[in-house]
Amino acid sequence: MSLKEQRKINIPSCKINKEILIELTEFLEEESKKVKVDKNSNVSFGFTIDSKDKDITAHTVESFREIKIPKQLESIRFHLRDYKTGIDISINLEFSWASTSRFTVEGSDAIWVNGITSRLEEIFQYNKTKNYLFHEKKSKIPIALGIAFLIAFSISFVMFSYLPDNLEDPKSLDDLFSYTITLGVSMFILFLYFLEWLFPVIEFENYQIQIKIRKIFSGIIVAIILGLIVTGLAKILF
């Protein structure tokens with residue numbers, strides 16, 4: 001039994017479009033032609049597009065070019081397998097929340113496996129986005145914490161500005177402080193999950209609803225910051 005080399009790589013946060021998918025299809029089809037040179041090969045090459053509305057399966061670059069990518073994508077998967085030699089390349093792009101996208105390269109030739117792996121990594125790294133910040137603990141926790149307490153502080157600041165008669169004694173101020181901390185912690189827990197959903201690891205063009213909601217969310221954050229500045233200046237000047 002011959003030894004096999006296998007590489008499993010998680011795909012980084014990136015934005016995909018049809019041109020990139022065609023590039024992946026062309027790359028795998030070219031590799032399949034190289035494998036087919038061996039008369040003993042038994043090659044399977046193709047792709048599957050899964051969505052909530054329909055599933056599509058095909059086996060050529062030409063057919064992929066003609067496909068209209070459906071909305072409500074769930075996954076796009078490519079495969080190249082030679083059942084005789086054990087060569088196996090699979091690419092799984094997952095669009096569901098909290099799912100992992102990855103590609104696997106397997107074969108008996110370590111040089112070939114590493115070469116294919118490097119080429120695929122190059123394609124995905126070139127299209128990498130900053131969405132990974134919202135999926136790694138070391139970055140998403142301070143981001144979620146900052147946004148949560150910015151909103152909590154904004155609400156408290158408005159209450160303090162427009163309800164001064166109720167907040168003159170120390171007890172009321174203590175209550176307001178406790179309210180701000182409680183609200184901030186609650187929002188922090190919410191934003192830990194909300195930001196992961198709002199910034200998907202894999203995006204396809206402008207298909208996902210998160211992209212539209214993200215614009216609205218960004219506008220709200222900007223409005224809050226501007227509102228705090230204007231309110232603060234108004235209290236200083238007047």
# chains A, B, ... in the order shown; residues from 1 in each chain; ligands from 1

call {"tool": "residues_around", "arguments": {"residues": "range 142-148 of chain A", "least_positions_apart": "4", "cutoff": "12 Å", "atoms": "only C-alpha atoms", "output": "compact mmCIF listing (two decimals) with C-alpha atoms, in the first residue's frame"}}
result
# COMPACT_ATOMS: atom_id res chain seq x y z
CA LEU A 133 -11.68 39.95 12.62
CA PHE A 134 -15.26 39.08 13.58
CA HIS A 135 -14.58 35.34 13.90
CA GLU A 136 -11.35 35.21 15.91
CA LYS A 137 -11.70 35.56 19.69
CA LYS A 138 -8.71 37.88 20.10
CA ALA A 152 -25.20 51.41 26.07
CA PHE A 153 -23.35 54.62 26.97
CA SER A 154 -25.23 56.51 24.24
CA ILE A 155 -28.59 55.47 25.65
CA THR A 180 -25.44 51.08 31.67
CA ILE A 181 -23.31 48.11 32.80
CA THR A 182 -26.25 45.68 32.59
CA LEU A 183 -27.28 46.94 29.16
CA GLY A 184 -23.67 46.88 27.94
CA VAL A 185 -23.08 43.28 29.04
CA SER A 186 -26.36 42.14 27.46
CA MET A 187 -25.51 43.84 24.17
CA PHE A 188 -21.98 42.43 24.29
CA ILE A 189 -23.33 38.86 24.37
CA LEU A 190 -25.73 39.70 21.53
CA PHE A 191 -23.04 41.32 19.36
CA LEU A 192 -20.65 38.38 19.77
CA TYR A 193 -23.04 36.32 17.65
CA PHE A 194 -24.56 39.12 15.60
CA LEU A 195 -21.20 40.29 14.24
CA GLU A 196 -20.23 36.74 13.22
CA PHE A 217 -25.70 48.98 10.78
CA SER A 218 -22.66 51.07 9.86
CA ILE A 220 -26.45 53.60 12.80
CA ILE A 221 -23.02 53.49 14.45
CA VAL A 222 -21.92 56.65 12.61
CA ILE A 224 -24.63 57.45 17.27
CA ILE A 225 -21.09 58.84 17.26

call {"tool": "residues_around", "arguments": {"residues": "Thr117 in chain A", "least_positions_apart": "4", "cutoff": "12 Å", "atoms": "only C-alpha atoms", "output": "MDAnalysis selection string"}}
result
chainID A and resid 5:11 88:91 102:107 110:113 121:125

call {"tool": "select_by_dssp", "arguments": {"residues": "range 13-210 of chain A", "states": "helix (DSSP H, G or I)", "output": "ChimeraX atom specification"}}
result
/A:18-36,61-66,110-126,130-134,137-162,164-167,170-198,209-210

call {"tool": "atom_distance", "arguments": {"atom1": "CA of Ser44 in chain A", "atom2": "CA of His79 in chain A"}}
result
7.6 Å

call {"tool": "closest_residue", "arguments": {"among": "A:Arg119, A:Ala58, A:Asp82, A:Ile211", "to": "Lys33 in chain A", "atoms": "only C-alpha atoms"}}
result
A:Asp82

call {"tool": "closest_residue", "arguments": {"among": "A:Asn127, A:Ser96, A:Ser75, A:Ser63", "to": "Lys15 in chain A", "atoms": "only C-alpha atoms"}}
result
A:Asn127

call {"tool": "residues_around", "arguments": {"residues": "Asp53 in chain A", "least_positions_apart": "6", "cutoff": "12 Å", "atoms": "only C-alpha atoms", "output": "ChimeraX atom specification"}}
result
/A:69-74

call {"tool": "residues_around", "arguments": {"residues": "Val35 in chain A", "least_positions_apart": "3", "cutoff": "12 Å", "atoms": "only C-alpha atoms", "output": "number ranges by chain"}}
result
A: 28-32, 38-45, 80-88, 107, 112

call {"tool": "closest_residue", "arguments": {"among": "A:Lys54, A:Arg65, A:Lys4, A:Lys130", "to": "Glu203 in chain A", "atoms": "only C-alpha atoms"}}
result
A:Lys130

call {"tool": "atom_distance", "arguments": {"atom1": "CA of Ser13 in chain A", "atom2": "CA of Ser101 in chain A"}}
result
9.1 Å

call {"tool": "atom_distance", "arguments": {"atom1": "CA of Thr60 in chain A", "atom2": "CA of Phe204 in chain A"}}
result
21.0 Å

call {"tool": "select_by_dssp", "arguments": {"residues": "range 40-94 of chain A", "states": "strand (DSSP E or B)", "output": "ChimeraX atom specification"}}
result
/A:43-51,55-58,73-82,87-94

call {"tool": "write_last_selection", "arguments": {"atoms": "C-alpha atoms", "output": "PDB file, in the first residue's frame"}}
result
ATOM      1  CA  VAL A  43     -11.274  10.396 -13.202  1.00  0.00           C
ATOM      2  CA  SER A  44     -14.334  12.138 -11.773  1.00  0.00           C
ATOM      3  CA  PHE A  45     -14.485  15.916 -12.084  1.00  0.00           C
ATOM      4  CA  GLY A  46     -17.377  18.273 -11.437  1.00  0.00           C
ATOM      5  CA  PHE A  47     -19.090  20.764  -9.181  1.00  0.00           C
ATOM      6  CA  THR A  48     -22.319  21.130  -7.238  1.00  0.00           C
ATOM      7  CA  ILE A  49     -24.147  24.332  -6.328  1.00  0.00           C
ATOM      8  CA  ASP A  50     -26.681  23.989  -3.516  1.00  0.00           C
ATOM      9  CA  SER A  51     -29.244  26.640  -2.698  1.00  0.00           C
ATOM     10  CA  ASP A  55     -29.317  22.295  -6.787  1.00  0.00           C
ATOM     11  CA  ILE A  56     -27.075  22.298  -9.863  1.00  0.00           C
ATOM     12  CA  THR A  57     -24.495  19.678 -10.867  1.00  0.00           C
ATOM     13  CA  ALA A  58     -22.215  19.790 -13.929  1.00  0.00           C
ATOM     14  CA  LEU A  73     -26.693  29.983  -1.646  1.00  0.00           C
ATOM     15  CA  GLU A  74     -25.924  27.210   0.815  1.00  0.00           C
ATOM     16  CA  SER A  75     -22.736  25.741  -0.658  1.00  0.00           C
ATOM     17  CA  ILE A  76     -20.587  25.448  -3.777  1.00  0.00           C
ATOM     18  CA  ARG A  77     -18.425  22.333  -4.039  1.00  0.00           C
ATOM     19  CA  PHE A  78     -15.785  21.232  -6.528  1.00  0.00           C
ATOM     20  CA  HIS A  79     -14.133  17.837  -6.775  1.00  0.00           C
ATOM     21  CA  LEU A  80     -11.471  16.065  -8.792  1.00  0.00           C
ATOM     22  CA  ARG A  81     -10.830  12.390  -8.035  1.00  0.00           C
ATOM     23  CA  ASP A  82      -8.868   9.622  -9.681  1.00  0.00           C
ATOM     24  CA  ILE A  87      -5.656  11.692  -6.294  1.00  0.00           C
ATOM     25  CA  ASP A  88      -8.354  13.771  -4.625  1.00  0.00           C
ATOM     26  CA  ILE A  89      -9.010  17.528  -4.649  1.00  0.00           C
ATOM     27  CA  SER A  90     -12.151  18.852  -3.000  1.00  0.00           C
ATOM     28  CA  ILE A  91     -13.158  22.472  -2.393  1.00  0.00           C
ATOM     29  CA  ASN A  92     -16.150  23.246  -0.174  1.00  0.00           C
ATOM     30  CA  LEU A  93     -17.428  26.818   0.016  1.00  0.00           C
ATOM     31  CA  GLU A  94     -20.081  26.995   2.731  1.00  0.00           C
TER      32      GLU A  94
END

call {"tool": "closest_residue", "arguments": {"among": "A:Arg214, A:Lys18, A:Lys140, A:Lys128", "to": "Glu66 in chain A", "atoms": "only C-alpha atoms"}}
result
A:Lys18

call {"tool": "residues_around", "arguments": {"residues": "Trp197 in chain A", "least_positions_apart": "6", "cutoff": "9 Å", "atoms": "only C-alpha atoms", "output": "PyMOL selection string"}}
result
chain A and resi 97-98+134+210
